[in-house]
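Visitor: To start, I am sharing the structure in question, which I have written as structure tokens.
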Amino acid sequence: MPSELAQLPGLPKSLQGDPAFPEPWAAEAFAMTVHLHEKGLFTWSEWAETLSRELHRHGRAEDGSDYFDCWVAALSDLLVSCGVADADAILDLQGSWQRAAEATPHGKPIELANDPLR
């Protein structure tokens with residue numbers, strides 16, 4: 001049975017109607033969100049409200065090209081509001097991944113250990 005989250009308006013879909021992801025990280029964020037919802041960390045209405053707020057935030061792409069960036073921001077907000085994660089820790093980790101990506105040679109896997117500041 002498909003998750004309620006797979007039915008979200010605006011979720012990019014394949015020709016077969018399945019969720020479509022521009023990058024592997026987007027699929028992972030989707031799967032993580034579905035899992036946390038199914039485990040009861042947040043309700044469907046909490047998720048929909050948080051994602052909608054993020055999608056309509058000033059400065060977001062009108063063409064929806066930043067949909068999964070909004071998805072991750074909404075998930076981060078929920079994790080913080082549910083007391084599962086710390087906002088500063090999330091920002092620090094995001095910075096670490098960004099530095100790791102910038103320091104990783106093309107064609108090599110991005111690993112957190114590649115962050116020169118770690």
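FYI, nothing fancy with the structure tokens labels: chains A, B, ... in order, residues from 1 per chain, ligands from 1 as they appear.
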At a cut-off of 8 Å, using only C-alpha atoms, what residues contact region 42-56 of chain A? Leave out same-chain residues fewer than 2 positions from it and give the result as a list in words.

Guide: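 Skipping anything fewer than 2 positions along the chain leaves Glu4, Leu5, Leu8, Leu36, His37, Gly40, His58, Arg60, Tyr67, Cys70, Trp71, Ala73, Ala74, Leu75, Asp77, Leu78 and Cys82 of chain A.
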
Visitor: Keeping only C-alpha atoms, take the residues you just selected and write them out as a PDB file, in the first residue's frame.

Guide:
ATOM      1  CA  GLU A   4       0.049   8.903   2.088  1.00  0.00           C
ATOM      2  CA  LEU A   5       3.229  10.913   1.487  1.00  0.00           C
ATOM      3  CA  LEU A   8       1.356  14.772  -1.929  1.00  0.00           C
ATOM      4  CA  LEU A  36       9.391   8.470  10.324  1.00  0.00           C
ATOM      5  CA  HIS A  37       5.735   9.173   9.518  1.00  0.00           C
ATOM      6  CA  GLY A  40       4.431   7.918  14.348  1.00  0.00           C
ATOM      7  CA  HIS A  58       9.495  33.720   0.079  1.00  0.00           C
ATOM      8  CA  ARG A  60      11.404  29.558  -3.369  1.00  0.00           C
ATOM      9  CA  TYR A  67      10.927  20.893  -4.325  1.00  0.00           C
ATOM     10  CA  CYS A  70      11.973  22.293   0.516  1.00  0.00           C
ATOM     11  CA  TRP A  71      11.300  18.678   1.485  1.00  0.00           C
ATOM     12  CA  ALA A  73      14.050  21.794   5.066  1.00  0.00           C
ATOM     13  CA  ALA A  74      10.565  20.711   6.169  1.00  0.00           C
ATOM     14  CA  LEU A  75      11.879  17.410   7.503  1.00  0.00           C
ATOM     15  CA  ASP A  77      12.055  21.608  10.909  1.00  0.00           C
ATOM     16  CA  LEU A  78       9.916  18.685  12.059  1.00  0.00           C
ATOM     17  CA  CYS A  82       9.765  16.966  17.713  1.00  0.00           C
TER      18      CYS A  82
END

Visitor: Determine, counting only C-alpha atoms, which protein, DNA and RNA residues have an atom within 7 Å of an atom of Ala29 (chain A); residues of the same chain fewer than 4 positions away are not included. Present the result as a ChimeraX atom specification.

Guide: /A:25,33,72

Visitor: Write out as a ChimeraX atom specification all residues of chain A that backbone DSSP assigns to helix (DSSP H, G or I).

Guide: /A:4-7,24-38,44-55,67-81,87-103,112-114

Visitor: I need the residues from that last selection saved to file as a PDB file, in the first residue's frame (with C-alpha atoms), if you can.

Guide:
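Okay, selection21.pdb is ready:
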ATOM      1  CA  GLU A   4       0.049   8.903   2.088  1.00  0.00           C
ATOM      2  CA  LEU A   5       3.229  10.913   1.487  1.00  0.00           C
ATOM      3  CA  ALA A   6       3.499   9.518  -2.044  1.00  0.00           C
ATOM      4  CA  GLN A   7       0.187  11.253  -2.819  1.00  0.00           C
ATOM      5  CA  PRO A  24      19.600   9.753  -4.948  1.00  0.00           C
ATOM      6  CA  TRP A  25      19.596  12.045  -1.899  1.00  0.00           C
ATOM      7  CA  ALA A  26      16.032  13.129  -2.725  1.00  0.00           C
ATOM      8  CA  ALA A  27      14.855   9.505  -2.769  1.00  0.00           C
ATOM      9  CA  GLU A  28      16.613   8.935   0.555  1.00  0.00           C
ATOM     10  CA  ALA A  29      14.951  12.011   2.091  1.00  0.00           C
ATOM     11  CA  PHE A  30      11.579  10.789   0.830  1.00  0.00           C
ATOM     12  CA  ALA A  31      12.126   7.284   2.240  1.00  0.00           C
ATOM     13  CA  MET A  32      13.293   8.666   5.576  1.00  0.00           C
ATOM     14  CA  THR A  33      10.220  10.881   5.809  1.00  0.00           C
ATOM     15  CA  VAL A  34       7.870   7.998   4.970  1.00  0.00           C
ATOM     16  CA  HIS A  35       9.573   5.822   7.586  1.00  0.00           C
ATOM     17  CA  LEU A  36       9.391   8.470  10.324  1.00  0.00           C
ATOM     18  CA  HIS A  37       5.735   9.173   9.518  1.00  0.00           C
ATOM     19  CA  GLU A  38       4.877   5.468   9.600  1.00  0.00           C
ATOM     20  CA  TRP A  44       0.086  13.458   8.079  1.00  0.00           C
ATOM     21  CA  SER A  45      -1.360  16.911   8.790  1.00  0.00           C
ATOM     22  CA  GLU A  46       1.826  18.044  10.579  1.00  0.00           C
ATOM     23  CA  TRP A  47       3.905  16.957   7.588  1.00  0.00           C
ATOM     24  CA  ALA A  48       1.592  18.533   4.998  1.00  0.00           C
ATOM     25  CA  GLU A  49       1.473  21.835   6.915  1.00  0.00           C
ATOM     26  CA  THR A  50       5.257  21.959   7.397  1.00  0.00           C
ATOM     27  CA  LEU A  51       6.017  21.102   3.767  1.00  0.00           C
ATOM     28  CA  SER A  52       3.421  23.560   2.478  1.00  0.00           C
ATOM     29  CA  ARG A  53       4.878  26.335   4.615  1.00  0.00           C
ATOM     30  CA  GLU A  54       8.341  25.585   3.232  1.00  0.00           C
ATOM     31  CA  LEU A  55       7.137  25.375  -0.390  1.00  0.00           C
ATOM     32  CA  TYR A  67      10.927  20.893  -4.325  1.00  0.00           C
ATOM     33  CA  PHE A  68      13.216  18.414  -2.598  1.00  0.00           C
ATOM     34  CA  ASP A  69      15.275  21.188  -1.020  1.00  0.00           C
ATOM     35  CA  CYS A  70      11.973  22.293   0.516  1.00  0.00           C
ATOM     36  CA  TRP A  71      11.300  18.678   1.485  1.00  0.00           C
ATOM     37  CA  VAL A  72      14.584  18.416   3.399  1.00  0.00           C
ATOM     38  CA  ALA A  73      14.050  21.794   5.066  1.00  0.00           C
ATOM     39  CA  ALA A  74      10.565  20.711   6.169  1.00  0.00           C
ATOM     40  CA  LEU A  75      11.879  17.410   7.503  1.00  0.00           C
ATOM     41  CA  SER A  76      14.627  19.228   9.400  1.00  0.00           C
ATOM     42  CA  ASP A  77      12.055  21.608  10.909  1.00  0.00           C
ATOM     43  CA  LEU A  78       9.916  18.685  12.059  1.00  0.00           C
ATOM     44  CA  LEU A  79      12.891  16.838  13.540  1.00  0.00           C
ATOM     45  CA  VAL A  80      13.787  19.932  15.547  1.00  0.00           C
ATOM     46  CA  SER A  81      10.211  20.633  16.665  1.00  0.00           C
ATOM     47  CA  ALA A  87      18.966  22.934  14.640  1.00  0.00           C
ATOM     48  CA  ASP A  88      22.614  23.933  15.117  1.00  0.00           C
ATOM     49  CA  ALA A  89      23.749  20.320  14.741  1.00  0.00           C
ATOM     50  CA  ILE A  90      21.807  20.034  11.488  1.00  0.00           C
ATOM     51  CA  LEU A  91      23.403  23.232  10.140  1.00  0.00           C
ATOM     52  CA  ASP A  92      26.873  22.061  11.170  1.00  0.00           C
ATOM     53  CA  LEU A  93      26.326  18.713   9.462  1.00  0.00           C
ATOM     54  CA  GLN A  94      25.012  20.393   6.299  1.00  0.00           C
ATOM     55  CA  GLY A  95      28.151  22.540   6.181  1.00  0.00           C
ATOM     56  CA  SER A  96      30.335  19.509   6.703  1.00  0.00           C
ATOM     57  CA  TRP A  97      28.665  17.651   3.824  1.00  0.00           C
ATOM     58  CA  GLN A  98      29.027  20.718   1.583  1.00  0.00           C
ATOM     59  CA  ARG A  99      32.751  20.997   2.337  1.00  0.00           C
ATOM     60  CA  ALA A 100      33.132  17.242   1.800  1.00  0.00           C
ATOM     61  CA  ALA A 101      31.408  17.523  -1.589  1.00  0.00           C
ATOM     62  CA  GLU A 102      33.647  20.405  -2.620  1.00  0.00           C
ATOM     63  CA  ALA A 103      36.780  18.517  -1.530  1.00  0.00           C
ATOM     64  CA  LEU A 112      31.830  12.977   5.358  1.00  0.00           C
ATOM     65  CA  ALA A 113      35.460  12.066   6.086  1.00  0.00           C
ATOM     66  CA  ASN A 114      36.412  14.236   3.057  1.00  0.00           C
TER      67      ASN A 114
END

Visitor: Counting only C-alpha atoms, which residue out of A:Pro19, A:Glu62, A:Leu41, A:Gly107 sits closest to Val84 (chain A)?

Guide: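 Of A:Pro19, A:Glu62, A:Leu41, A:Gly107, the one nearest Val84 (chain A) is A:Leu41, counting only C-alpha atoms.
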
Visitor: Provide the CA of Ala61 (chain A) to CA of Lys13 (chain A) distance in Å, to one decimal place.

Guide: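 Separation between CA of Ala61 (chain A) and CA of Lys13 (chain A): 18.1 Å.
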
Visitor: Work out how far apart CA of Asp66 (chain A) and CA of Pro22 (chain A) are and give it in Å to one decimal.

Guide: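 The value is 10.3 Å.
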
Visitor: Can you work out the spacing between CA of Thr104 (chain A) and CA of Phe21 (chain A) in Å, to one decimal?

Guide: 23.0 Å

Visitor: Using only C-alpha atoms, which of A:Lys108, A:Asp115, A:Pro12, A:Lys39 sits nearest Ser65 (chain A)?

Guide: A:Pro12
